[in-house]
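What's in final24.cif: mmCIF, C-alpha atoms and all ligand atoms
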```cif
data_protein
#
loop_
_atom_site.group_PDB
_atom_site.id
_atom_site.type_symbol
_atom_site.label_atom_id
_atom_site.label_comp_id
_atom_site.auth_asym_id
_atom_site.auth_seq_id
_atom_site.Cartn_x
_atom_site.Cartn_y
_atom_site.Cartn_z
ATOM 1 C CA MET A 1254 1.971 -7.362 -146.236
ATOM 2 C CA SER A 1255 2.854 -10.397 -144.191
ATOM 3 C CA GLY A 1256 5.744 -12.669 -143.558
ATOM 4 C CA ALA A 1257 9.453 -12.351 -143.062
ATOM 5 C CA ARG A 1258 11.644 -10.950 -145.768
ATOM 6 C CA ALA A 1259 14.629 -12.904 -146.913
ATOM 7 C CA VAL A 1260 17.664 -12.672 -149.108
ATOM 8 C CA PHE A 1261 18.245 -15.974 -150.878
ATOM 9 C CA VAL A 1262 21.952 -16.202 -151.506
ATOM 10 C CA ASP A 1263 23.679 -18.389 -154.057
ATOM 11 C CA ARG A 1264 26.945 -19.834 -152.746
ATOM 12 C CA ASP A 1265 29.742 -20.350 -155.288
ATOM 13 C CA GLY A 1266 30.920 -17.194 -157.011
ATOM 14 C CA VAL A 1267 28.900 -15.020 -154.639
ATOM 15 C CA VAL A 1268 30.005 -15.976 -151.112
ATOM 16 C CA ASN A 1269 33.062 -18.125 -151.834
ATOM 17 C CA GLU A 1270 35.593 -18.012 -154.631
ATOM 18 C CA LEU A 1271 35.311 -20.216 -157.700
ATOM 19 C CA VAL A 1272 38.315 -22.479 -158.145
ATOM 20 C CA SER A 1273 40.321 -24.038 -160.981
ATOM 21 C CA ASP A 1274 40.023 -23.400 -164.711
ATOM 22 C CA PRO A 1275 37.405 -23.245 -166.081
ATOM 23 C CA PRO A 1276 36.176 -21.808 -162.764
ATOM 24 C CA GLU A 1277 33.918 -24.157 -160.810
ATOM 25 C CA SER A 1278 32.651 -24.948 -157.328
ATOM 26 C CA SER A 1279 35.124 -26.085 -154.712
ATOM 27 C CA LEU A 1280 35.321 -29.871 -154.540
ATOM 28 C CA SER A 1281 37.527 -30.101 -151.480
ATOM 29 C CA MET A 1282 37.715 -28.282 -148.162
ATOM 30 C CA GLN A 1283 41.227 -26.972 -148.838
ATOM 31 C CA ASP A 1284 39.882 -25.013 -151.817
ATOM 32 C CA VAL A 1285 37.280 -23.031 -149.895
ATOM 33 C CA SER A 1286 37.840 -19.319 -149.414
ATOM 34 C CA LEU A 1287 35.488 -16.413 -148.893
ATOM 35 C CA ILE A 1288 35.238 -13.645 -151.466
ATOM 36 C CA PRO A 1289 36.584 -10.449 -149.875
ATOM 37 C CA GLY A 1290 33.706 -8.329 -148.545
ATOM 38 C CA ALA A 1291 31.121 -11.104 -148.749
ATOM 39 C CA ALA A 1292 30.923 -11.790 -145.008
ATOM 40 C CA GLU A 1293 30.561 -8.086 -144.257
ATOM 41 C CA ALA A 1294 27.756 -7.770 -146.807
ATOM 42 C CA LEU A 1295 25.893 -10.707 -145.253
ATOM 43 C CA LYS A 1296 26.256 -9.183 -141.797
ATOM 44 C CA ARG A 1297 24.853 -5.870 -143.025
ATOM 45 C CA LEU A 1298 21.815 -7.634 -144.457
ATOM 46 C CA ALA A 1299 21.252 -9.665 -141.290
ATOM 47 C CA SER A 1300 21.622 -6.573 -139.097
ATOM 48 C CA ALA A 1301 18.973 -4.833 -141.171
ATOM 49 C CA GLY A 1302 16.551 -7.661 -140.406
ATOM 50 C CA TRP A 1303 16.775 -9.768 -143.537
ATOM 51 C CA LEU A 1304 16.726 -13.540 -143.161
ATOM 52 C CA LEU A 1305 19.707 -15.127 -144.919
ATOM 53 C CA ILE A 1306 18.848 -18.284 -146.832
ATOM 54 C CA GLY A 1307 21.580 -20.076 -148.789
ATOM 55 C CA VAL A 1308 20.436 -21.900 -151.936
ATOM 56 C CA SER A 1309 23.048 -23.825 -153.899
ATOM 57 C CA ASN A 1310 23.220 -26.426 -156.688
ATOM 58 C CA GLN A 1311 25.979 -28.974 -156.008
ATOM 59 C CA PRO A 1312 25.770 -31.680 -158.695
ATOM 60 C CA ALA A 1313 29.376 -32.981 -158.637
ATOM 61 C CA ALA A 1314 28.568 -36.057 -156.556
ATOM 62 C CA ALA A 1315 25.594 -36.906 -158.774
ATOM 63 C CA LYS A 1316 27.957 -36.711 -161.744
ATOM 64 C CA GLY A 1317 30.363 -39.118 -160.066
ATOM 65 C CA ILE A 1318 33.156 -36.523 -159.893
ATOM 66 C CA VAL A 1319 33.510 -36.578 -156.123
ATOM 67 C CA ALA A 1320 31.926 -38.270 -153.106
ATOM 68 C CA LEU A 1321 28.931 -36.618 -151.472
ATOM 69 C CA GLU A 1322 30.863 -36.638 -148.172
ATOM 70 C CA GLU A 1323 33.494 -34.422 -149.785
ATOM 71 C CA LEU A 1324 30.860 -31.889 -150.842
ATOM 72 C CA GLU A 1325 29.342 -31.975 -147.373
ATOM 73 C CA GLY A 1326 32.815 -31.227 -146.018
ATOM 74 C CA VAL A 1327 33.121 -28.220 -148.320
ATOM 75 C CA GLN A 1328 29.784 -26.896 -147.090
ATOM 76 C CA ALA A 1329 30.652 -27.480 -143.429
ATOM 77 C CA HIS A 1330 33.984 -25.729 -143.842
ATOM 78 C CA LEU A 1331 32.391 -22.778 -145.597
ATOM 79 C CA LEU A 1332 29.940 -22.393 -142.718
ATOM 80 C CA GLU A 1333 32.875 -22.500 -140.269
ATOM 81 C CA LEU A 1334 34.624 -19.707 -142.158
ATOM 82 C CA LEU A 1335 31.428 -17.657 -142.100
ATOM 83 C CA THR A 1336 30.850 -18.310 -138.409
ATOM 84 C CA ALA A 1337 34.380 -17.082 -137.716
ATOM 85 C CA GLU A 1338 33.395 -13.857 -139.472
ATOM 86 C CA GLY A 1339 30.211 -13.540 -137.435
ATOM 87 C CA VAL A 1340 27.819 -14.614 -140.198
ATOM 88 C CA ARG A 1341 24.945 -16.978 -139.502
ATOM 89 C CA PHE A 1342 22.605 -18.202 -142.211
ATOM 90 C CA ASP A 1343 19.026 -18.755 -141.033
ATOM 91 C CA ASP A 1344 18.749 -21.692 -143.410
ATOM 92 C CA PHE A 1345 20.943 -23.223 -146.086
ATOM 93 C CA ARG A 1346 19.545 -25.492 -148.764
ATOM 94 C CA ILE A 1347 21.492 -27.533 -151.259
ATOM 95 C CA CYS A 1348 20.338 -29.455 -154.319
ATOM 96 C CA TRP A 1349 22.664 -32.452 -154.685
ATOM 97 C CA HIS A 1350 20.916 -33.685 -157.837
ATOM 98 C CA HIS A 1351 21.675 -33.641 -161.528
ATOM 99 C CA PRO A 1352 19.241 -34.618 -164.303
ATOM 100 C CA GLU A 1353 21.913 -36.626 -166.136
ATOM 101 C CA GLY A 1354 23.905 -37.828 -163.162
ATOM 102 C CA VAL A 1355 25.444 -41.288 -162.944
ATOM 103 C CA VAL A 1356 24.790 -41.930 -159.252
ATOM 104 C CA PRO A 1357 21.187 -43.198 -159.230
ATOM 105 C CA ALA A 1358 20.219 -41.870 -155.804
ATOM 106 C CA LEU A 1359 21.182 -38.332 -156.828
ATOM 107 C CA SER A 1360 20.160 -38.345 -160.469
ATOM 108 C CA GLY A 1361 17.068 -37.482 -162.450
ATOM 109 C CA ALA A 1362 14.662 -34.588 -162.477
ATOM 110 C CA CYS A 1363 14.058 -32.726 -159.234
ATOM 111 C CA ARG A 1364 12.175 -29.627 -158.223
ATOM 112 C CA CYS A 1365 15.055 -28.063 -156.300
ATOM 113 C CA ARG A 1366 17.826 -27.624 -158.875
ATOM 114 C CA LYS A 1367 17.917 -23.968 -159.927
ATOM 115 C CA PRO A 1368 16.505 -22.585 -162.265
ATOM 116 C CA ALA A 1369 13.621 -24.462 -160.583
ATOM 117 C CA PRO A 1370 12.379 -22.544 -157.547
ATOM 118 C CA GLY A 1371 11.899 -25.511 -155.181
ATOM 119 C CA MET A 1372 14.488 -24.507 -152.594
ATOM 120 C CA LEU A 1373 13.115 -20.976 -152.396
ATOM 121 C CA LEU A 1374 9.490 -22.116 -152.248
ATOM 122 C CA ASP A 1375 10.165 -24.728 -149.555
ATOM 123 C CA ALA A 1376 12.111 -22.278 -147.395
ATOM 124 C CA ALA A 1377 9.380 -19.687 -147.853
ATOM 125 C CA PHE A 1378 6.712 -22.161 -146.797
ATOM 126 C CA GLU A 1379 8.628 -23.433 -143.785
ATOM 127 C CA LEU A 1380 9.876 -20.076 -142.514
ATOM 128 C CA GLY A 1381 6.887 -17.932 -143.438
ATOM 129 C CA ILE A 1382 8.762 -15.807 -145.946
ATOM 130 C CA ASP A 1383 7.025 -13.189 -148.075
ATOM 131 C CA LEU A 1384 8.497 -13.982 -151.488
ATOM 132 C CA ALA A 1385 7.314 -10.783 -153.167
ATOM 133 C CA GLY A 1386 9.249 -8.796 -150.574
ATOM 134 C CA SER A 1387 12.355 -10.954 -150.860
ATOM 135 C CA TRP A 1388 15.450 -11.063 -153.049
ATOM 136 C CA MET A 1389 17.668 -13.653 -154.667
ATOM 137 C CA VAL A 1390 21.344 -12.866 -155.275
ATOM 138 C CA GLY A 1391 23.296 -15.072 -157.655
ATOM 139 C CA ASP A 1392 25.933 -15.092 -160.358
ATOM 140 C CA THR A 1393 24.260 -17.230 -163.025
ATOM 141 C CA ASP A 1394 21.183 -17.109 -165.230
ATOM 142 C CA ALA A 1395 19.806 -20.074 -163.266
ATOM 143 C CA ASP A 1396 19.753 -17.971 -160.094
ATOM 144 C CA ILE A 1397 17.822 -15.180 -161.739
ATOM 145 C CA LEU A 1398 15.376 -17.577 -163.412
ATOM 146 C CA ALA A 1399 14.775 -19.209 -160.014
ATOM 147 C CA SER A 1400 14.039 -15.809 -158.489
ATOM 148 C CA GLU A 1401 11.523 -15.088 -161.244
ATOM 149 C CA ALA A 1402 9.861 -18.477 -160.846
ATOM 150 C CA ALA A 1403 9.609 -17.979 -157.087
ATOM 151 C CA GLY A 1404 8.183 -14.479 -157.429
ATOM 152 C CA CYS A 1405 10.972 -12.566 -155.735
ATOM 153 C CA ARG A 1406 13.337 -9.923 -157.046
ATOM 154 C CA GLY A 1407 16.746 -10.844 -158.389
ATOM 155 C CA VAL A 1408 20.216 -9.328 -158.296
ATOM 156 C CA LEU A 1409 22.752 -10.662 -160.759
ATOM 157 C CA VAL A 1410 26.346 -10.648 -159.527
ATOM 158 C CA GLU A 1411 28.642 -10.400 -162.520
ATOM 159 C CA ASN A 1412 31.587 -12.349 -161.180
ATOM 160 C CA GLU A 1413 34.048 -12.329 -164.076
ATOM 161 C CA ARG A 1414 35.007 -15.925 -163.364
ATOM 162 C CA SER A 1415 31.463 -17.186 -163.924
ATOM 163 C CA ALA A 1416 30.727 -15.239 -167.118
ATOM 164 C CA HIS A 1417 30.438 -18.585 -168.939
ATOM 165 C CA LYS A 1418 27.296 -19.306 -166.879
ATOM 166 C CA ARG A 1419 25.465 -16.202 -168.060
ATOM 167 C CA ASP A 1420 23.943 -15.559 -171.447
ATOM 168 C CA GLY A 1421 21.262 -13.058 -170.506
ATOM 169 C CA ARG A 1422 18.325 -15.447 -170.153
ATOM 170 C CA GLY A 1423 17.193 -13.925 -166.881
ATOM 171 C CA ARG A 1424 15.812 -10.445 -166.287
ATOM 172 C CA PRO A 1425 17.452 -9.288 -163.067
ATOM 173 C CA ASP A 1426 16.170 -6.241 -161.194
ATOM 174 C CA ALA A 1427 19.768 -5.138 -160.693
ATOM 175 C CA VAL A 1428 23.192 -6.101 -161.990
ATOM 176 C CA VAL A 1429 26.180 -5.600 -159.709
ATOM 177 C CA PRO A 1430 29.827 -6.677 -159.474
ATOM 178 C CA ASP A 1431 29.687 -8.450 -156.110
ATOM 179 C CA LEU A 1432 27.692 -9.257 -152.979
ATOM 180 C CA GLU A 1433 28.689 -5.988 -151.323
ATOM 181 C CA ALA A 1434 27.049 -4.059 -154.135
ATOM 182 C CA ALA A 1435 24.052 -6.398 -154.028
ATOM 183 C CA ALA A 1436 23.593 -5.585 -150.349
ATOM 184 C CA ASP A 1437 23.706 -1.879 -151.211
ATOM 185 C CA VAL A 1438 20.895 -2.357 -153.714
ATOM 186 C CA ILE A 1439 18.759 -4.366 -151.303
ATOM 187 C CA LEU A 1440 19.282 -2.073 -148.331
ATOM 188 C CA HIS A 1441 18.539 1.117 -150.236
ATOM 189 C CA ILE A 1442 15.464 -0.095 -152.037
ATOM 190 C CA ARG A 1443 13.978 -1.415 -148.858
HETATM 191 MG MG MG B 1 27.058 -19.337 -158.261
HETATM 192 ZN ZN ZN B 2 17.492 -31.165 -156.569
#
```
Output the file's structure in the form of structure tokens.
Ligand SMILES: [Mg+2]
Ligand SMILES: [Zn+2]
Amino acid sequence: MSGARAVFVDRDGVVNELVSDPPESSLSMQDVSLIPGAAEALKRLASAGWLLIGVSNQPAAAKGIVALEELEGVQAHLLELLTAEGVRFDDFRICWHHPEGVVPALSGACRCRKPAPGMLLDAAFELGIDLAGSWMVGDTDADILASEAAGCRGVLVENERSAHKRDGRGRPDAVVPDLEAAADVILHIR
């Protein structure tokens, strides 16, 4: 066995609340709020020695819905909220692309948009992470498919507000209601 072990963490619907109806990612800073218990779960994982790597798809700017600066503001504000709770991610990767986007610089095929495993593979390469000993936690099929493609284990968080993004395509190693329960799974199996 070699390498650091990491928990790859999806963002929206796992760490922060989904907003509006149908539920989606926050598109403005004012809409960002942490899911109760999420910060504590991340701290427990970090204290137990797991690297925390955020991996998030954020295609709204590619689709022309909002400016990229706005999405960067959402991310910065989320990290501020987490810092205030004592949580520090070791790395946080975002795919800003969409295959059918309208903003040319952000559109077209990419290797980072989940279910592709690019963000996980790149982080693993750069930080020396042992993928087979690592986990991905997310609330959509795309998260679980990315974990399978990267060769790590997956925990599906069944956030009720993102049920429309799950149809059972992935084969998660565990299914839980929230990040707190995901941390329980990861910490006990370790
Ligand atoms: Mg999500
Ligand atoms: Zn991408």
Extract, using only C-alpha atoms, all DNA, RNA and protein residues at most 8 Å from Phe1345 of chain A, discarding same-chain residues fewer than 4 positions from it, and format them as an MDAnalysis selection string.
chainID A and resid 1306:1308
Any chance you could resolve the PyMOL selection byres (((chain A and resi 1356-1360) around 12) and not hetatm) against this file and give the residues as JSON, numbers by chain?
{"A": [1311, 1312, 1313, 1314, 1315, 1316, 1317, 1318, 1319, 1320, 1321, 1348, 1349, 1350, 1351, 1352, 1353, 1354, 1355, 1361, 1362, 1363, 1365, 1366]}
Residues of the last selection are to be written out with C-alpha atoms, as an mmCIF file, keeping the file's coordinate frame.
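Result file follows (part-v6.cif):
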```
data_model
loop_
_atom_site.group_PDB
_atom_site.id
_atom_site.type_symbol
_atom_site.label_atom_id
_atom_site.label_comp_id
_atom_site.auth_asym_id
_atom_site.auth_seq_id
_atom_site.Cartn_x
_atom_site.Cartn_y
_atom_site.Cartn_z
ATOM 1 C CA GLN A 1311 25.979 -28.974 -156.008
ATOM 2 C CA PRO A 1312 25.770 -31.680 -158.695
ATOM 3 C CA ALA A 1313 29.376 -32.981 -158.637
ATOM 4 C CA ALA A 1314 28.568 -36.057 -156.556
ATOM 5 C CA ALA A 1315 25.594 -36.906 -158.774
ATOM 6 C CA LYS A 1316 27.957 -36.711 -161.744
ATOM 7 C CA GLY A 1317 30.363 -39.118 -160.066
ATOM 8 C CA ILE A 1318 33.156 -36.523 -159.893
ATOM 9 C CA VAL A 1319 33.510 -36.578 -156.123
ATOM 10 C CA ALA A 1320 31.926 -38.270 -153.106
ATOM 11 C CA LEU A 1321 28.931 -36.618 -151.472
ATOM 12 C CA CYS A 1348 20.338 -29.455 -154.319
ATOM 13 C CA TRP A 1349 22.664 -32.452 -154.685
ATOM 14 C CA HIS A 1350 20.916 -33.685 -157.837
ATOM 15 C CA HIS A 1351 21.675 -33.641 -161.528
ATOM 16 C CA PRO A 1352 19.241 -34.618 -164.303
ATOM 17 C CA GLU A 1353 21.913 -36.626 -166.136
ATOM 18 C CA GLY A 1354 23.905 -37.828 -163.162
ATOM 19 C CA VAL A 1355 25.444 -41.288 -162.944
ATOM 20 C CA GLY A 1361 17.068 -37.482 -162.450
ATOM 21 C CA ALA A 1362 14.662 -34.588 -162.477
ATOM 22 C CA CYS A 1363 14.058 -32.726 -159.234
ATOM 23 C CA CYS A 1365 15.055 -28.063 -156.300
ATOM 24 C CA ARG A 1366 17.826 -27.624 -158.875
#
```
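The gap separating atom CA of Trp1388 of chain A from atom CA of Glu1293 of chain A is 17.7 Å, in Å to one decimal.
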Give the residue list for ligand MG 1 (chain B) at 12 Å, counting only C-alpha atoms and all ligand atoms, as a compact mmCIF listing (two decimals) with C-alpha atoms, in the coordinates of the input, sorted by chain and then by residue number.
```
# COMPACT_ATOMS: atom_id res chain seq x y z
CA PHE A 1261 18.24 -15.97 -150.88
CA VAL A 1262 21.95 -16.20 -151.51
CA ASP A 1263 23.68 -18.39 -154.06
CA ARG A 1264 26.94 -19.83 -152.75
CA ASP A 1265 29.74 -20.35 -155.29
CA GLY A 1266 30.92 -17.19 -157.01
CA VAL A 1267 28.90 -15.02 -154.64
CA VAL A 1268 30.00 -15.98 -151.11
CA ASN A 1269 33.06 -18.12 -151.83
CA GLU A 1270 35.59 -18.01 -154.63
CA LEU A 1271 35.31 -20.22 -157.70
CA VAL A 1272 38.32 -22.48 -158.15
CA PRO A 1276 36.18 -21.81 -162.76
CA GLU A 1277 33.92 -24.16 -160.81
CA SER A 1278 32.65 -24.95 -157.33
CA SER A 1279 35.12 -26.08 -154.71
CA GLY A 1307 21.58 -20.08 -148.79
CA VAL A 1308 20.44 -21.90 -151.94
CA SER A 1309 23.05 -23.82 -153.90
CA ASN A 1310 23.22 -26.43 -156.69
CA GLN A 1311 25.98 -28.97 -156.01
CA LYS A 1367 17.92 -23.97 -159.93
CA PRO A 1368 16.50 -22.58 -162.26
CA MET A 1389 17.67 -13.65 -154.67
CA VAL A 1390 21.34 -12.87 -155.28
CA GLY A 1391 23.30 -15.07 -157.66
CA ASP A 1392 25.93 -15.09 -160.36
CA THR A 1393 24.26 -17.23 -163.02
CA ASP A 1394 21.18 -17.11 -165.23
CA ALA A 1395 19.81 -20.07 -163.27
CA ASP A 1396 19.75 -17.97 -160.09
CA ILE A 1397 17.82 -15.18 -161.74
CA LEU A 1409 22.75 -10.66 -160.76
CA VAL A 1410 26.35 -10.65 -159.53
CA GLU A 1411 28.64 -10.40 -162.52
CA ASN A 1412 31.59 -12.35 -161.18
CA GLU A 1413 34.05 -12.33 -164.08
CA ARG A 1414 35.01 -15.92 -163.36
CA SER A 1415 31.46 -17.19 -163.92
CA ALA A 1416 30.73 -15.24 -167.12
CA HIS A 1417 30.44 -18.58 -168.94
CA LYS A 1418 27.30 -19.31 -166.88
CA ARG A 1419 25.46 -16.20 -168.06
CA ASP A 1431 29.69 -8.45 -156.11
CA LEU A 1432 27.69 -9.26 -152.98
```
When you look at Lys1296 of chain A with a cut-off of 9 Å (counting only C-alpha atoms), what residues show up, excluding the ones that are within fewer than 5 positions of it in the same chain? I need them as a list of chain:residue names.
A:Ala1291, A:Ala1301, A:Glu1338, A:Gly1339, A:Val1340, A:Arg1341
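Atom CA of Val1429 of chain A lies 23.1 Å from atom CA of Leu1331 of chain A.
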Explicit residue set for the PyMOL selection byres (((chain A and resi 1377-1387) around 10) and not hetatm), as a PyMOL selection string:
chain A and resi 1254-1261+1303-1304+1306+1343-1344+1371-1376+1388-1389+1400+1403-1407+1439+1443
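With only C-alpha atoms and all ligand atoms as the atoms that count, the residue of A:Met1282, A:Ala1329, A:Ile1347, A:Leu1305 with the shortest distance to ligand ZN 2 (chain B) is A:Ile1347.
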Counting only C-alpha atoms and all ligand atoms, the residue of A:Pro1370, A:Glu1433, A:Pro1425, A:Ala1402 that sits nearest ligand ZN 2 (chain B)
A:Pro1370
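With atom CA of Arg1297 of chain A on one side and atom CA of Thr1336 of chain A on the other, the separation reads 14.6 Å.
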